[in-house]
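query.txt (compact mmCIF, N, CA and C atoms) appears below.
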# COMPACT_ATOMS: atom_id res chain seq x y z
N MET A 171 -13.31 31.85 21.15
CA MET A 171 -12.13 31.05 21.35
C MET A 171 -11.86 30.25 20.08
N LYS A 172 -10.61 30.20 19.66
CA LYS A 172 -10.23 29.48 18.46
C LYS A 172 -10.08 27.99 18.73
N CYS A 173 -10.27 27.22 17.67
CA CYS A 173 -10.11 25.77 17.73
C CYS A 173 -8.78 25.40 17.08
N VAL A 174 -8.06 24.51 17.73
CA VAL A 174 -6.81 23.99 17.18
C VAL A 174 -7.11 22.61 16.62
N ARG A 175 -6.67 22.36 15.39
CA ARG A 175 -6.94 21.07 14.76
C ARG A 175 -5.63 20.49 14.23
N VAL A 176 -5.41 19.20 14.51
CA VAL A 176 -4.25 18.48 14.00
C VAL A 176 -4.77 17.38 13.08
N LEU A 177 -4.32 17.38 11.82
CA LEU A 177 -4.74 16.38 10.84
C LEU A 177 -3.63 15.35 10.70
N VAL A 178 -3.97 14.07 10.90
CA VAL A 178 -2.96 13.01 10.93
C VAL A 178 -3.32 11.95 9.91
N GLY A 179 -2.40 11.65 9.00
CA GLY A 179 -2.56 10.56 8.05
C GLY A 179 -1.65 9.41 8.44
N THR A 180 -2.18 8.18 8.40
CA THR A 180 -1.39 7.00 8.76
C THR A 180 -1.60 5.90 7.72
N ALA A 181 -0.92 4.79 7.91
CA ALA A 181 -1.10 3.64 7.02
C ALA A 181 -2.43 2.94 7.27
N LYS A 182 -3.11 3.26 8.36
CA LYS A 182 -4.38 2.63 8.70
C LYS A 182 -5.58 3.55 8.54
N GLY A 183 -5.38 4.76 8.06
CA GLY A 183 -6.47 5.72 7.91
C GLY A 183 -6.04 7.10 8.36
N ALA A 184 -7.03 7.98 8.58
CA ALA A 184 -6.76 9.36 8.98
C ALA A 184 -7.48 9.67 10.29
N PHE A 185 -6.94 10.64 11.02
CA PHE A 185 -7.52 11.07 12.28
C PHE A 185 -7.51 12.58 12.33
N ILE A 186 -8.54 13.13 12.98
CA ILE A 186 -8.61 14.58 13.21
C ILE A 186 -8.66 14.80 14.71
N PHE A 187 -7.66 15.48 15.25
CA PHE A 187 -7.61 15.84 16.66
C PHE A 187 -7.96 17.31 16.77
N SER A 188 -8.89 17.65 17.65
CA SER A 188 -9.27 19.06 17.82
C SER A 188 -9.34 19.41 19.30
N SER A 189 -9.00 20.67 19.61
CA SER A 189 -8.99 21.16 20.98
C SER A 189 -9.19 22.67 20.96
N ASP A 190 -9.32 23.24 22.15
CA ASP A 190 -9.37 24.70 22.24
C ASP A 190 -7.93 25.22 22.30
N GLU A 191 -7.78 26.52 22.47
CA GLU A 191 -6.44 27.12 22.47
C GLU A 191 -5.55 26.62 23.61
N LYS A 192 -6.16 26.21 24.72
CA LYS A 192 -5.36 25.73 25.86
C LYS A 192 -4.77 24.34 25.61
N ARG A 193 -5.37 23.58 24.72
CA ARG A 193 -4.89 22.25 24.33
C ARG A 193 -4.80 21.28 25.51
N GLU A 194 -5.74 21.39 26.44
CA GLU A 194 -5.73 20.50 27.60
C GLU A 194 -6.52 19.22 27.32
N LYS A 195 -7.63 19.32 26.62
CA LYS A 195 -8.46 18.17 26.28
C LYS A 195 -8.60 18.11 24.76
N TRP A 196 -8.46 16.89 24.22
CA TRP A 196 -8.53 16.70 22.78
C TRP A 196 -9.69 15.80 22.41
N LYS A 197 -10.34 16.13 21.32
CA LYS A 197 -11.39 15.29 20.75
C LYS A 197 -10.77 14.58 19.53
N VAL A 198 -10.97 13.27 19.44
CA VAL A 198 -10.39 12.48 18.35
C VAL A 198 -11.51 11.97 17.44
N GLU A 199 -11.38 12.23 16.15
CA GLU A 199 -12.30 11.70 15.15
C GLU A 199 -11.53 10.74 14.26
N GLY A 200 -12.07 9.57 14.06
CA GLY A 200 -11.41 8.62 13.18
C GLY A 200 -11.44 7.23 13.75
N PRO A 201 -10.96 6.28 13.04
CA PRO A 201 -10.22 6.47 11.79
C PRO A 201 -11.15 6.79 10.61
N LEU A 202 -10.76 7.77 9.84
CA LEU A 202 -11.42 8.08 8.58
C LEU A 202 -10.69 7.29 7.50
N PHE A 203 -11.38 6.81 6.51
CA PHE A 203 -10.80 6.01 5.43
C PHE A 203 -10.09 4.78 6.01
N ALA A 204 -10.74 4.08 6.94
CA ALA A 204 -10.13 2.93 7.60
C ALA A 204 -9.63 1.92 6.57
N GLY A 205 -8.40 1.49 6.74
CA GLY A 205 -7.78 0.53 5.83
C GLY A 205 -7.06 1.16 4.66
N TRP A 206 -7.21 2.44 4.46
CA TRP A 206 -6.51 3.15 3.39
C TRP A 206 -5.26 3.80 3.96
N THR A 207 -4.23 3.90 3.16
CA THR A 207 -3.05 4.65 3.53
C THR A 207 -3.31 6.11 3.19
N VAL A 208 -3.22 6.99 4.17
CA VAL A 208 -3.43 8.42 3.95
C VAL A 208 -2.07 9.10 4.04
N TYR A 209 -1.59 9.58 2.91
CA TYR A 209 -0.26 10.15 2.83
C TYR A 209 -0.21 11.60 3.29
N HIS A 210 -1.30 12.33 3.09
CA HIS A 210 -1.25 13.77 3.38
C HIS A 210 -2.65 14.27 3.68
N MET A 211 -2.76 15.15 4.66
CA MET A 211 -4.02 15.86 4.95
C MET A 211 -3.69 17.34 5.07
N LYS A 212 -4.58 18.16 4.53
CA LYS A 212 -4.33 19.60 4.52
C LYS A 212 -5.63 20.35 4.74
N GLY A 213 -5.62 21.30 5.64
CA GLY A 213 -6.76 22.17 5.86
C GLY A 213 -6.64 23.41 4.99
N SER A 214 -7.75 23.93 4.55
CA SER A 214 -7.76 25.13 3.71
C SER A 214 -7.50 26.36 4.58
N PRO A 215 -6.61 27.26 4.16
CA PRO A 215 -6.39 28.49 4.91
C PRO A 215 -7.56 29.48 4.77
N VAL A 216 -8.40 29.30 3.76
CA VAL A 216 -9.52 30.20 3.51
C VAL A 216 -10.77 29.74 4.25
N ASP A 217 -11.06 28.43 4.21
CA ASP A 217 -12.27 27.87 4.82
C ASP A 217 -11.85 26.83 5.85
N PRO A 218 -12.05 27.08 7.15
CA PRO A 218 -11.60 26.14 8.17
C PRO A 218 -12.31 24.77 8.12
N ASN A 219 -13.46 24.70 7.47
CA ASN A 219 -14.16 23.42 7.35
C ASN A 219 -13.73 22.59 6.15
N ARG A 220 -12.93 23.16 5.26
CA ARG A 220 -12.48 22.46 4.06
C ARG A 220 -11.18 21.71 4.37
N ILE A 221 -11.21 20.38 4.17
CA ILE A 221 -10.04 19.53 4.40
C ILE A 221 -9.80 18.68 3.16
N TYR A 222 -8.55 18.49 2.81
CA TYR A 222 -8.17 17.62 1.71
C TYR A 222 -7.38 16.44 2.25
N ALA A 223 -7.56 15.27 1.63
CA ALA A 223 -6.82 14.08 2.03
C ALA A 223 -6.36 13.35 0.78
N SER A 224 -5.09 12.94 0.78
CA SER A 224 -4.53 12.14 -0.30
C SER A 224 -4.38 10.72 0.24
N GLN A 225 -5.06 9.78 -0.38
CA GLN A 225 -5.05 8.41 0.13
C GLN A 225 -4.74 7.44 -0.99
N CYS A 226 -4.39 6.22 -0.60
CA CYS A 226 -4.03 5.21 -1.58
C CYS A 226 -4.41 3.83 -1.05
N SER A 227 -4.85 2.95 -1.95
CA SER A 227 -5.09 1.55 -1.59
C SER A 227 -4.62 0.68 -2.76
N ASP A 228 -4.33 -0.57 -2.45
CA ASP A 228 -3.90 -1.49 -3.50
C ASP A 228 -4.99 -1.72 -4.53
N TRP A 229 -6.25 -1.64 -4.11
CA TRP A 229 -7.37 -1.93 -5.01
C TRP A 229 -7.75 -0.73 -5.86
N PHE A 230 -7.94 0.45 -5.23
CA PHE A 230 -8.45 1.61 -5.94
C PHE A 230 -7.36 2.55 -6.45
N GLY A 231 -6.13 2.41 -5.98
CA GLY A 231 -5.06 3.31 -6.38
C GLY A 231 -5.10 4.59 -5.57
N GLN A 232 -4.53 5.66 -6.13
CA GLN A 232 -4.46 6.93 -5.42
C GLN A 232 -5.73 7.74 -5.65
N VAL A 233 -6.25 8.31 -4.56
CA VAL A 233 -7.49 9.07 -4.60
C VAL A 233 -7.32 10.35 -3.77
N ILE A 234 -7.85 11.45 -4.27
CA ILE A 234 -7.91 12.70 -3.51
C ILE A 234 -9.35 12.85 -3.02
N GLN A 235 -9.50 13.16 -1.74
CA GLN A 235 -10.81 13.39 -1.14
C GLN A 235 -10.85 14.81 -0.59
N ARG A 236 -12.05 15.36 -0.51
CA ARG A 236 -12.20 16.67 0.11
C ARG A 236 -13.47 16.69 0.95
N SER A 237 -13.41 17.44 2.03
CA SER A 237 -14.56 17.60 2.91
C SER A 237 -14.84 19.08 3.05
N SER A 238 -16.10 19.44 3.02
CA SER A 238 -16.50 20.84 3.21
C SER A 238 -17.16 21.07 4.56
N ASP A 239 -17.25 19.99 5.37
CA ASP A 239 -17.91 20.09 6.67
C ASP A 239 -17.03 19.60 7.82
N GLY A 240 -15.74 19.84 7.71
CA GLY A 240 -14.81 19.49 8.79
C GLY A 240 -14.52 18.02 8.93
N GLY A 241 -14.81 17.20 7.91
CA GLY A 241 -14.50 15.79 7.93
C GLY A 241 -15.67 14.86 8.18
N LYS A 242 -16.88 15.40 8.26
CA LYS A 242 -18.05 14.53 8.47
C LYS A 242 -18.40 13.73 7.22
N THR A 243 -18.38 14.36 6.06
CA THR A 243 -18.59 13.69 4.79
C THR A 243 -17.46 14.04 3.84
N TRP A 244 -17.22 13.17 2.89
CA TRP A 244 -16.11 13.34 1.95
C TRP A 244 -16.59 13.13 0.54
N GLU A 245 -15.90 13.75 -0.41
CA GLU A 245 -16.19 13.57 -1.82
C GLU A 245 -14.90 13.65 -2.61
N GLN A 246 -14.89 12.97 -3.74
CA GLN A 246 -13.78 13.13 -4.66
C GLN A 246 -14.10 14.35 -5.51
N PRO A 247 -13.17 15.26 -5.71
CA PRO A 247 -13.46 16.43 -6.55
C PRO A 247 -14.00 15.99 -7.91
N GLY A 248 -15.13 16.56 -8.30
CA GLY A 248 -15.77 16.20 -9.55
C GLY A 248 -16.82 15.12 -9.42
N THR A 249 -17.06 14.61 -8.20
CA THR A 249 -18.08 13.58 -7.99
C THR A 249 -19.02 14.03 -6.89
N GLN A 250 -20.00 13.19 -6.56
CA GLN A 250 -20.95 13.51 -5.51
C GLN A 250 -20.40 13.15 -4.14
N LYS A 251 -20.96 13.77 -3.10
CA LYS A 251 -20.55 13.47 -1.73
C LYS A 251 -20.93 12.06 -1.35
N TRP A 252 -20.12 11.45 -0.49
CA TRP A 252 -20.46 10.14 0.06
C TRP A 252 -19.90 10.04 1.46
N SER A 253 -20.57 9.30 2.26
CA SER A 253 -20.16 9.09 3.64
C SER A 253 -19.44 7.76 3.73
N LEU A 254 -18.33 7.72 4.42
CA LEU A 254 -17.53 6.51 4.50
C LEU A 254 -18.07 5.57 5.56
N ARG A 255 -19.05 4.80 5.18
CA ARG A 255 -19.61 3.80 6.08
C ARG A 255 -19.35 2.43 5.48
N ALA A 256 -19.05 1.46 6.31
CA ALA A 256 -18.69 0.12 5.84
C ALA A 256 -19.79 -0.52 5.02
N ASN A 257 -21.05 -0.36 5.43
CA ASN A 257 -22.14 -1.01 4.69
C ASN A 257 -22.31 -0.40 3.30
N GLN A 258 -22.07 0.91 3.14
CA GLN A 258 -22.18 1.53 1.83
C GLN A 258 -21.04 1.07 0.93
N LEU A 259 -19.83 0.94 1.49
CA LEU A 259 -18.70 0.47 0.71
C LEU A 259 -18.94 -0.97 0.26
N ALA A 260 -19.53 -1.80 1.14
CA ALA A 260 -19.84 -3.19 0.79
C ALA A 260 -20.86 -3.24 -0.34
N GLN A 261 -21.86 -2.36 -0.32
CA GLN A 261 -22.87 -2.34 -1.37
C GLN A 261 -22.23 -1.99 -2.72
N VAL A 262 -21.35 -1.01 -2.74
CA VAL A 262 -20.68 -0.62 -3.98
C VAL A 262 -19.83 -1.78 -4.49
N THR A 263 -19.10 -2.43 -3.59
CA THR A 263 -18.26 -3.57 -3.97
C THR A 263 -19.10 -4.70 -4.53
N ASN A 264 -20.24 -4.99 -3.90
CA ASN A 264 -21.13 -6.05 -4.39
C ASN A 264 -21.69 -5.73 -5.76
N LEU A 265 -22.07 -4.47 -6.00
CA LEU A 265 -22.57 -4.09 -7.32
C LEU A 265 -21.50 -4.24 -8.38
N PHE A 266 -20.26 -3.85 -8.06
CA PHE A 266 -19.16 -3.97 -9.00
C PHE A 266 -18.90 -5.44 -9.32
N THR A 267 -18.87 -6.29 -8.29
CA THR A 267 -18.62 -7.71 -8.48
C THR A 267 -19.72 -8.36 -9.31
N LYS A 268 -20.98 -8.01 -9.02
CA LYS A 268 -22.11 -8.57 -9.77
C LYS A 268 -22.03 -8.18 -11.24
N ALA A 269 -21.74 -6.92 -11.53
CA ALA A 269 -21.65 -6.46 -12.92
C ALA A 269 -20.50 -7.17 -13.63
N LYS A 270 -19.39 -7.36 -12.94
CA LYS A 270 -18.24 -8.04 -13.54
C LYS A 270 -18.58 -9.49 -13.85
N LEU A 271 -19.25 -10.18 -12.93
CA LEU A 271 -19.62 -11.58 -13.15
C LEU A 271 -20.61 -11.72 -14.29
N GLU A 272 -21.57 -10.79 -14.38
CA GLU A 272 -22.53 -10.83 -15.48
C GLU A 272 -21.83 -10.63 -16.81
N ARG A 273 -20.87 -9.75 -16.86
CA ARG A 273 -20.15 -9.50 -18.10
C ARG A 273 -19.33 -10.73 -18.50
N ILE A 274 -18.68 -11.35 -17.53
CA ILE A 274 -17.84 -12.51 -17.82
C ILE A 274 -18.68 -13.71 -18.22
N SER A 275 -19.84 -13.91 -17.60
CA SER A 275 -20.67 -15.08 -17.89
C SER A 275 -21.44 -14.95 -19.20
N GLY A 276 -21.44 -13.79 -19.80
CA GLY A 276 -22.18 -13.58 -21.06
C GLY A 276 -21.37 -13.99 -22.26
N THR A 277 -21.61 -13.32 -23.38
CA THR A 277 -20.97 -13.67 -24.65
C THR A 277 -19.46 -13.48 -24.60
N THR A 278 -18.98 -12.58 -23.75
CA THR A 278 -17.54 -12.36 -23.66
C THR A 278 -16.84 -13.65 -23.27
N ALA A 279 -17.40 -14.38 -22.29
CA ALA A 279 -16.80 -15.63 -21.85
C ALA A 279 -16.82 -16.66 -22.97
N ARG A 280 -17.88 -16.70 -23.77
CA ARG A 280 -17.96 -17.66 -24.88
C ARG A 280 -16.85 -17.40 -25.89
N ARG A 281 -16.56 -16.14 -26.17
CA ARG A 281 -15.50 -15.81 -27.12
C ARG A 281 -14.13 -16.17 -26.57
N ILE A 282 -13.95 -16.04 -25.29
CA ILE A 282 -12.65 -16.34 -24.68
C ILE A 282 -12.35 -17.83 -24.76
N HIS A 283 -13.34 -18.68 -24.55
CA HIS A 283 -13.11 -20.12 -24.45
C HIS A 283 -13.11 -20.84 -25.79
N GLY A 284 -13.20 -20.18 -26.90
CA GLY A 284 -13.10 -20.83 -28.20
C GLY A 284 -14.39 -20.74 -29.00
N ASN A 285 -14.42 -21.45 -30.12
CA ASN A 285 -15.58 -21.43 -31.00
C ASN A 285 -16.75 -22.13 -30.34
N LEU A 286 -17.89 -21.47 -30.31
CA LEU A 286 -19.10 -22.05 -29.76
C LEU A 286 -20.20 -21.96 -30.79
N ASN A 287 -21.02 -22.99 -30.84
CA ASN A 287 -22.14 -22.90 -31.77
C ASN A 287 -23.28 -22.12 -31.14
N ALA A 288 -24.39 -21.96 -31.84
CA ALA A 288 -25.50 -21.11 -31.38
C ALA A 288 -26.11 -21.59 -30.08
N SER A 289 -26.01 -22.89 -29.78
CA SER A 289 -26.63 -23.39 -28.54
C SER A 289 -25.76 -23.12 -27.33
N GLY A 290 -24.53 -22.64 -27.54
CA GLY A 290 -23.65 -22.31 -26.42
C GLY A 290 -22.74 -23.45 -26.01
N THR A 291 -22.72 -24.56 -26.79
CA THR A 291 -21.82 -25.66 -26.46
C THR A 291 -20.59 -25.58 -27.33
N SER A 292 -19.50 -26.10 -26.87
CA SER A 292 -18.24 -26.00 -27.58
C SER A 292 -18.15 -27.02 -28.70
N ASN A 293 -17.50 -26.64 -29.81
CA ASN A 293 -17.22 -27.57 -30.90
C ASN A 293 -15.94 -28.35 -30.64
N ARG A 294 -15.15 -27.89 -29.70
CA ARG A 294 -13.89 -28.56 -29.38
C ARG A 294 -14.14 -29.78 -28.52
N ARG A 295 -13.26 -30.78 -28.64
CA ARG A 295 -13.38 -31.98 -27.79
C ARG A 295 -12.16 -32.17 -26.97
Go ahead and express the file in the form of structure tokens.
Amino acid sequence: MKCVRVLVGTAKGAFIFSSDEKREKWKVEGPLFAGWTVYHMKGSPVDPNRIYASQCSDWFGQVIQRSSDGGKTWEQPGTQKWSLRANQLAQVTNLFTKAKLERISGTTARRIHGNLNASGTSNRR
């Protein structure tokens, strides 16, 4: 028996609806990419488990994702697979924020704020 799948992109994420040929009962997966705007989802005509999603956020911009396992895990083409879990996204965000703060608090910040002597105090009054 064949499976019918409907791929839905919304302003709040993506959803995958699947059913048998009779379409009496539906299984809903999602939201995938919660909080992202998903403009388009497309299934591969060659591989039924391959799905593509075009998404966008104010922070990351436009991103293309692909899944080779029917939507369980996703990857950006050219990168490694990753699972969309909130705790993993928080870890990545924390690492990015920490690296940015370390960069700003170092010598870059001293150059931005004016001439500083070797001890790190300002010559300006």
Notebook entry, point to check: Could you work out how far atom CA of A:Gly205 lies from atom CA of A:Ser227, giving the answer in Å with one decimal?
Noted result: 8.0 Å
Margin query: (-13.0, 7.5, 7.6) in this file's frame - what residues fall within 7 Å of it? Use all atoms listed in the file and give the answer as a count of residues only.
Written below: 8
Next item on the list: For atom C of A:Ser238 and atom N of A:Tyr222, determine how far apart the two atoms are, in Å to one decimal place.
Entry: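 Calculated distance between atom C of A:Ser238 and atom N of A:Tyr222 is 9.2 Å.
Atom pair atom CA of A:Ser189 / atom C of A:Val233: separated by 27.1 Å.
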Next item on the list: Around the point (-16.1, 15.1, 4.7) in the file's coordinates, collect all residues with an atom within 10 Å, using only C-alpha atoms, and return them as a list of chain:residue names.
Entry: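 Protein, DNA and RNA residues close to (-16.1, 15.1, 4.7): A:Leu202, A:Asn219, A:Arg220, A:Ile221, A:Tyr222, A:Ala223, A:Gln235, A:Arg236, A:Ser237, A:Ser238, A:Asp239, A:Gly240, A:Gly241, A:Lys242, A:Thr243, A:Trp244, A:Glu245, A:Gln246, A:Lys251, A:Trp252, A:Ser253, A:Leu254.
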Starting from the incomplete input, reconstruct all heavy atoms of stretch 220-231 of chain A and report them as a compact mmCIF listing (two decimals), in the coordinates of the input.
# COMPACT_ATOMS: atom_id res chain seq x y z
N ARG A 220 -12.93 23.16 5.26
CA ARG A 220 -12.48 22.46 4.06
C ARG A 220 -11.18 21.71 4.37
O ARG A 220 -10.20 22.30 4.79
CB ARG A 220 -12.27 23.45 2.92
CG ARG A 220 -11.71 22.90 1.62
CD ARG A 220 -12.60 21.91 0.90
NE ARG A 220 -13.90 22.40 0.53
CZ ARG A 220 -14.24 22.78 -0.69
NH1 ARG A 220 -13.37 22.77 -1.66
NH2 ARG A 220 -15.47 23.18 -0.93
N ILE A 221 -11.21 20.38 4.17
CA ILE A 221 -10.04 19.53 4.40
C ILE A 221 -9.80 18.68 3.16
O ILE A 221 -10.75 18.18 2.55
CB ILE A 221 -10.27 18.60 5.62
CG1 ILE A 221 -10.57 19.40 6.87
CG2 ILE A 221 -9.05 17.71 5.84
CD1 ILE A 221 -11.01 18.54 8.05
N TYR A 222 -8.55 18.49 2.81
CA TYR A 222 -8.17 17.62 1.71
C TYR A 222 -7.38 16.44 2.25
O TYR A 222 -6.60 16.59 3.19
CB TYR A 222 -7.31 18.38 0.69
CG TYR A 222 -8.05 19.50 0.00
CD1 TYR A 222 -8.01 20.79 0.50
CD2 TYR A 222 -8.78 19.27 -1.15
CE1 TYR A 222 -8.69 21.83 -0.13
CE2 TYR A 222 -9.46 20.30 -1.79
CZ TYR A 222 -9.41 21.57 -1.27
OH TYR A 222 -10.08 22.58 -1.89
N ALA A 223 -7.56 15.27 1.63
CA ALA A 223 -6.82 14.08 2.03
C ALA A 223 -6.36 13.35 0.78
O ALA A 223 -7.12 13.17 -0.16
CB ALA A 223 -7.68 13.16 2.89
N SER A 224 -5.09 12.94 0.78
CA SER A 224 -4.53 12.14 -0.30
C SER A 224 -4.38 10.72 0.24
O SER A 224 -3.67 10.49 1.21
CB SER A 224 -3.18 12.70 -0.72
OG SER A 224 -2.55 11.81 -1.62
N GLN A 225 -5.06 9.78 -0.38
CA GLN A 225 -5.05 8.41 0.13
C GLN A 225 -4.74 7.44 -0.99
O GLN A 225 -4.83 7.78 -2.17
CB GLN A 225 -6.40 8.09 0.76
CG GLN A 225 -7.54 8.15 -0.24
CD GLN A 225 -8.88 8.10 0.43
OE1 GLN A 225 -9.20 8.96 1.21
NE2 GLN A 225 -9.66 7.10 0.10
N CYS A 226 -4.39 6.22 -0.60
CA CYS A 226 -4.03 5.21 -1.58
C CYS A 226 -4.41 3.83 -1.05
O CYS A 226 -4.33 3.59 0.15
CB CYS A 226 -2.53 5.26 -1.86
SG CYS A 226 -2.02 4.19 -3.21
N SER A 227 -4.85 2.95 -1.95
CA SER A 227 -5.09 1.55 -1.59
C SER A 227 -4.62 0.68 -2.76
O SER A 227 -4.52 1.14 -3.90
CB SER A 227 -6.56 1.29 -1.30
OG SER A 227 -7.30 1.14 -2.49
N ASP A 228 -4.33 -0.57 -2.45
CA ASP A 228 -3.90 -1.49 -3.50
C ASP A 228 -4.99 -1.72 -4.53
O ASP A 228 -4.72 -1.99 -5.69
CB ASP A 228 -3.48 -2.83 -2.89
CG ASP A 228 -2.22 -2.70 -2.05
OD1 ASP A 228 -1.45 -1.75 -2.30
OD2 ASP A 228 -2.01 -3.54 -1.17
N TRP A 229 -6.25 -1.64 -4.11
CA TRP A 229 -7.37 -1.93 -5.01
C TRP A 229 -7.75 -0.73 -5.86
O TRP A 229 -7.89 -0.82 -7.06
CB TRP A 229 -8.57 -2.39 -4.18
CG TRP A 229 -9.75 -2.73 -5.02
CD1 TRP A 229 -10.81 -1.93 -5.30
CD2 TRP A 229 -9.99 -3.95 -5.72
NE1 TRP A 229 -11.71 -2.57 -6.11
CE2 TRP A 229 -11.22 -3.83 -6.39
CE3 TRP A 229 -9.28 -5.14 -5.85
CZ2 TRP A 229 -11.75 -4.84 -7.17
CZ3 TRP A 229 -9.83 -6.16 -6.62
CH2 TRP A 229 -11.05 -5.98 -7.27
N PHE A 230 -7.94 0.45 -5.23
CA PHE A 230 -8.45 1.61 -5.94
C PHE A 230 -7.36 2.55 -6.45
O PHE A 230 -7.62 3.45 -7.22
CB PHE A 230 -9.41 2.40 -5.04
CG PHE A 230 -10.66 1.66 -4.69
CD1 PHE A 230 -10.83 1.14 -3.43
CD2 PHE A 230 -11.65 1.46 -5.64
CE1 PHE A 230 -11.98 0.43 -3.10
CE2 PHE A 230 -12.80 0.77 -5.33
CZ PHE A 230 -12.96 0.24 -4.06
N GLY A 231 -6.13 2.41 -5.98
CA GLY A 231 -5.06 3.31 -6.38
C GLY A 231 -5.10 4.59 -5.57
O GLY A 231 -5.65 4.64 -4.47
